[in-house]
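Right, one structure below, let's go through it.
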Amino acid sequence: MNELLLQVPVIGMEVEAFLLLLITALAGGAFGAAIGALPAFIFTGFVVFLGEGIGILQRQIGAIEGIPAGELAAGITGVIGFGAITGPHIAFAGGVAASAYAGKKYPEMNPADGGYHFGKDITYAFGTKPDILAVGAIFGVVGMLFTRIANGVFINVLEMTPPTDFIAVSVFATAFLARPVFGYPIVGKPAGDGLLDMSPFERGAAHPRAHPAHEQRPRP
């Protein structure tokens, strides 16, 4: 009974473990903001490659003493790669939110050769700027909570297998959330005849820059 009282509802995790997860999600989101969303996603790939490579090695040489076969690889891939440190719903989401925030707050950081709005630049590494790291950390937690709660509803409440990958859904949801939070329209105004008209891009039409004057700059 006491164990149940110490668990977080829906998520089905002990409070101590949840607090640790919360801290790592904060760190993961800030990490994504520091190195950039796309580099963070690439880093996720490297961690997953490492985990799966160790899994292959374990199967070849047998279980490592004290570690059941396959558990080490699963830990690297699941706990780190797709978990609360470099998981895309945390690190990548934090980096995307950081870019959206910086596009509004720090338009002067936009590189001289940037042809798009700075808020779209998911390759930019923001380093150690505290407020941008804080935005990444917060969205890392949001991504973690969304994924855990969604999975918890299906697994612990409805007692059924989740119908989709909520890590992927969380990436979409947090990116969508960042738009209204930082003052962007939910759907921008199309430059062509409609949302699916790609002719402005094909002819190299100008794109809005990330500064108050919204200066137009041709796409390189």
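Residue numbers start at 1 in each chain; chains themselves are named A, B, ... in the order of the structure tokens; ligands are numbered from 1 in the order shown.
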Enumerate, as a PyMOL selection string, the complete set of residues in range 35-142 of chain A that a backbone-based DSSP assignment places in helix (DSSP H, G or I). chain A and resi 35+37-61+71-84+88-105+107-109+118-120+130-142
Output of the above residues as a PDB file, in the first residue's frame, restricted to C-alpha atoms:
```
ATOM      1  CA  ILE A  35      24.236  22.052 -29.207  1.00  0.00           C
ATOM      2  CA  ALA A  37      18.167  20.551 -32.253  1.00  0.00           C
ATOM      3  CA  LEU A  38      19.541  18.778 -35.311  1.00  0.00           C
ATOM      4  CA  PRO A  39      22.957  17.998 -33.755  1.00  0.00           C
ATOM      5  CA  ALA A  40      21.097  16.653 -30.702  1.00  0.00           C
ATOM      6  CA  PHE A  41      19.071  14.356 -32.944  1.00  0.00           C
ATOM      7  CA  ILE A  42      22.271  13.189 -34.632  1.00  0.00           C
ATOM      8  CA  PHE A  43      23.736  12.536 -31.186  1.00  0.00           C
ATOM      9  CA  THR A  44      20.681  10.385 -30.445  1.00  0.00           C
ATOM     10  CA  GLY A  45      21.543   8.328 -33.507  1.00  0.00           C
ATOM     11  CA  PHE A  46      25.117   7.825 -32.329  1.00  0.00           C
ATOM     12  CA  VAL A  47      23.917   6.636 -28.908  1.00  0.00           C
ATOM     13  CA  VAL A  48      21.450   4.214 -30.500  1.00  0.00           C
ATOM     14  CA  PHE A  49      24.182   2.913 -32.816  1.00  0.00           C
ATOM     15  CA  LEU A  50      26.382   2.384 -29.763  1.00  0.00           C
ATOM     16  CA  GLY A  51      23.648   0.545 -27.886  1.00  0.00           C
ATOM     17  CA  GLU A  52      22.762  -1.704 -30.794  1.00  0.00           C
ATOM     18  CA  GLY A  53      26.436  -2.346 -31.544  1.00  0.00           C
ATOM     19  CA  ILE A  54      27.010  -3.454 -27.966  1.00  0.00           C
ATOM     20  CA  GLY A  55      23.927  -5.650 -28.292  1.00  0.00           C
ATOM     21  CA  ILE A  56      25.445  -7.413 -31.298  1.00  0.00           C
ATOM     22  CA  LEU A  57      28.739  -7.787 -29.446  1.00  0.00           C
ATOM     23  CA  GLN A  58      26.982  -9.250 -26.418  1.00  0.00           C
ATOM     24  CA  ARG A  59      25.209 -11.806 -28.542  1.00  0.00           C
ATOM     25  CA  GLN A  60      28.526 -12.831 -30.041  1.00  0.00           C
ATOM     26  CA  ILE A  61      30.519 -13.186 -26.823  1.00  0.00           C
ATOM     27  CA  GLU A  71      20.222  -5.718 -20.812  1.00  0.00           C
ATOM     28  CA  LEU A  72      23.250  -3.463 -21.292  1.00  0.00           C
ATOM     29  CA  ALA A  73      22.381  -2.704 -24.913  1.00  0.00           C
ATOM     30  CA  ALA A  74      18.725  -2.139 -24.067  1.00  0.00           C
ATOM     31  CA  GLY A  75      19.780   0.248 -21.320  1.00  0.00           C
ATOM     32  CA  ILE A  76      21.940   2.355 -23.628  1.00  0.00           C
ATOM     33  CA  THR A  77      19.361   2.447 -26.412  1.00  0.00           C
ATOM     34  CA  GLY A  78      16.212   2.827 -24.343  1.00  0.00           C
ATOM     35  CA  VAL A  79      17.333   4.702 -21.245  1.00  0.00           C
ATOM     36  CA  ILE A  80      19.827   7.067 -22.889  1.00  0.00           C
ATOM     37  CA  GLY A  81      19.251   7.060 -26.661  1.00  0.00           C
ATOM     38  CA  PHE A  82      15.459   7.235 -26.551  1.00  0.00           C
ATOM     39  CA  GLY A  83      15.260   8.140 -22.876  1.00  0.00           C
ATOM     40  CA  ALA A  84      15.474  11.244 -20.750  1.00  0.00           C
ATOM     41  CA  PRO A  88      14.243  13.225 -29.423  1.00  0.00           C
ATOM     42  CA  HIS A  89      11.149  14.096 -27.374  1.00  0.00           C
ATOM     43  CA  ILE A  90      13.495  15.791 -24.907  1.00  0.00           C
ATOM     44  CA  ALA A  91      16.785  16.931 -26.464  1.00  0.00           C
ATOM     45  CA  PHE A  92      15.480  17.595 -29.978  1.00  0.00           C
ATOM     46  CA  ALA A  93      12.292  19.171 -28.612  1.00  0.00           C
ATOM     47  CA  GLY A  94      14.357  21.414 -26.358  1.00  0.00           C
ATOM     48  CA  GLY A  95      16.518  22.488 -29.284  1.00  0.00           C
ATOM     49  CA  VAL A  96      13.518  23.268 -31.488  1.00  0.00           C
ATOM     50  CA  ALA A  97      11.892  25.358 -28.764  1.00  0.00           C
ATOM     51  CA  ALA A  98      15.189  27.161 -28.154  1.00  0.00           C
ATOM     52  CA  SER A  99      15.407  28.096 -31.837  1.00  0.00           C
ATOM     53  CA  ALA A 100      11.826  29.358 -31.826  1.00  0.00           C
ATOM     54  CA  TYR A 101      12.501  31.438 -28.718  1.00  0.00           C
ATOM     55  CA  ALA A 102      15.792  32.841 -30.021  1.00  0.00           C
ATOM     56  CA  GLY A 103      14.160  33.761 -33.321  1.00  0.00           C
ATOM     57  CA  LYS A 104      11.933  36.182 -31.420  1.00  0.00           C
ATOM     58  CA  LYS A 105      14.225  37.263 -28.589  1.00  0.00           C
ATOM     59  CA  PRO A 107      17.178  38.041 -34.022  1.00  0.00           C
ATOM     60  CA  GLU A 108      20.639  39.628 -34.102  1.00  0.00           C
ATOM     61  CA  MET A 109      22.140  36.162 -33.564  1.00  0.00           C
ATOM     62  CA  PHE A 118      16.097  32.381 -37.469  1.00  0.00           C
ATOM     63  CA  GLY A 119      13.369  30.548 -35.574  1.00  0.00           C
ATOM     64  CA  LYS A 120      13.566  27.786 -38.188  1.00  0.00           C
ATOM     65  CA  PRO A 130      21.014  30.890 -19.710  1.00  0.00           C
ATOM     66  CA  ASP A 131      17.517  31.898 -20.819  1.00  0.00           C
ATOM     67  CA  ILE A 132      17.738  29.861 -24.024  1.00  0.00           C
ATOM     68  CA  LEU A 133      18.988  26.846 -22.076  1.00  0.00           C
ATOM     69  CA  ALA A 134      16.089  27.313 -19.648  1.00  0.00           C
ATOM     70  CA  VAL A 135      13.598  27.252 -22.530  1.00  0.00           C
ATOM     71  CA  GLY A 136      15.173  24.046 -23.811  1.00  0.00           C
ATOM     72  CA  ALA A 137      15.066  22.517 -20.335  1.00  0.00           C
ATOM     73  CA  ILE A 138      11.385  23.373 -19.852  1.00  0.00           C
ATOM     74  CA  PHE A 139      10.385  21.924 -23.204  1.00  0.00           C
ATOM     75  CA  GLY A 140      12.477  18.851 -22.459  1.00  0.00           C
ATOM     76  CA  VAL A 141      10.335  18.300 -19.375  1.00  0.00           C
ATOM     77  CA  VAL A 142       7.145  18.955 -21.360  1.00  0.00           C
TER      78      VAL A 142
END
```
Would you work out the distance separating CA of Val15 in chain A from CA of Val181 in chain A, expressed in Å to one decimal?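 Computed distance, CA of Val15 in chain A to CA of Val181 in chain A, equals 29.1 Å.
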Determine, counting only C-alpha atoms, which protein, DNA and RNA residues have an atom within 10 Å of an atom of Glu16 in chain A; residues of the same chain fewer than 5 positions away are not included. Present the result as a list in words.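 Result of the neighbour search: Leu6, Gln7, Val8, Leu21 and Leu22 of chain A.
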What does the distance between CA of Gly32 in chain A and CA of Tyr124 in chain A come to in Å, to one decimal place? 10.3 Å
Atomic separation - CA of Leu145 in chain A relative to CA of Phe166 in chain A, Å: 10.7 Å
For range 153-155 of chain A, find every residue with an atom within 10 Å (counting only C-alpha atoms), except residues of its own chain fewer than 4 positions away, and show them as a ChimeraX atom specification. /A:9-12,148-149,159-163
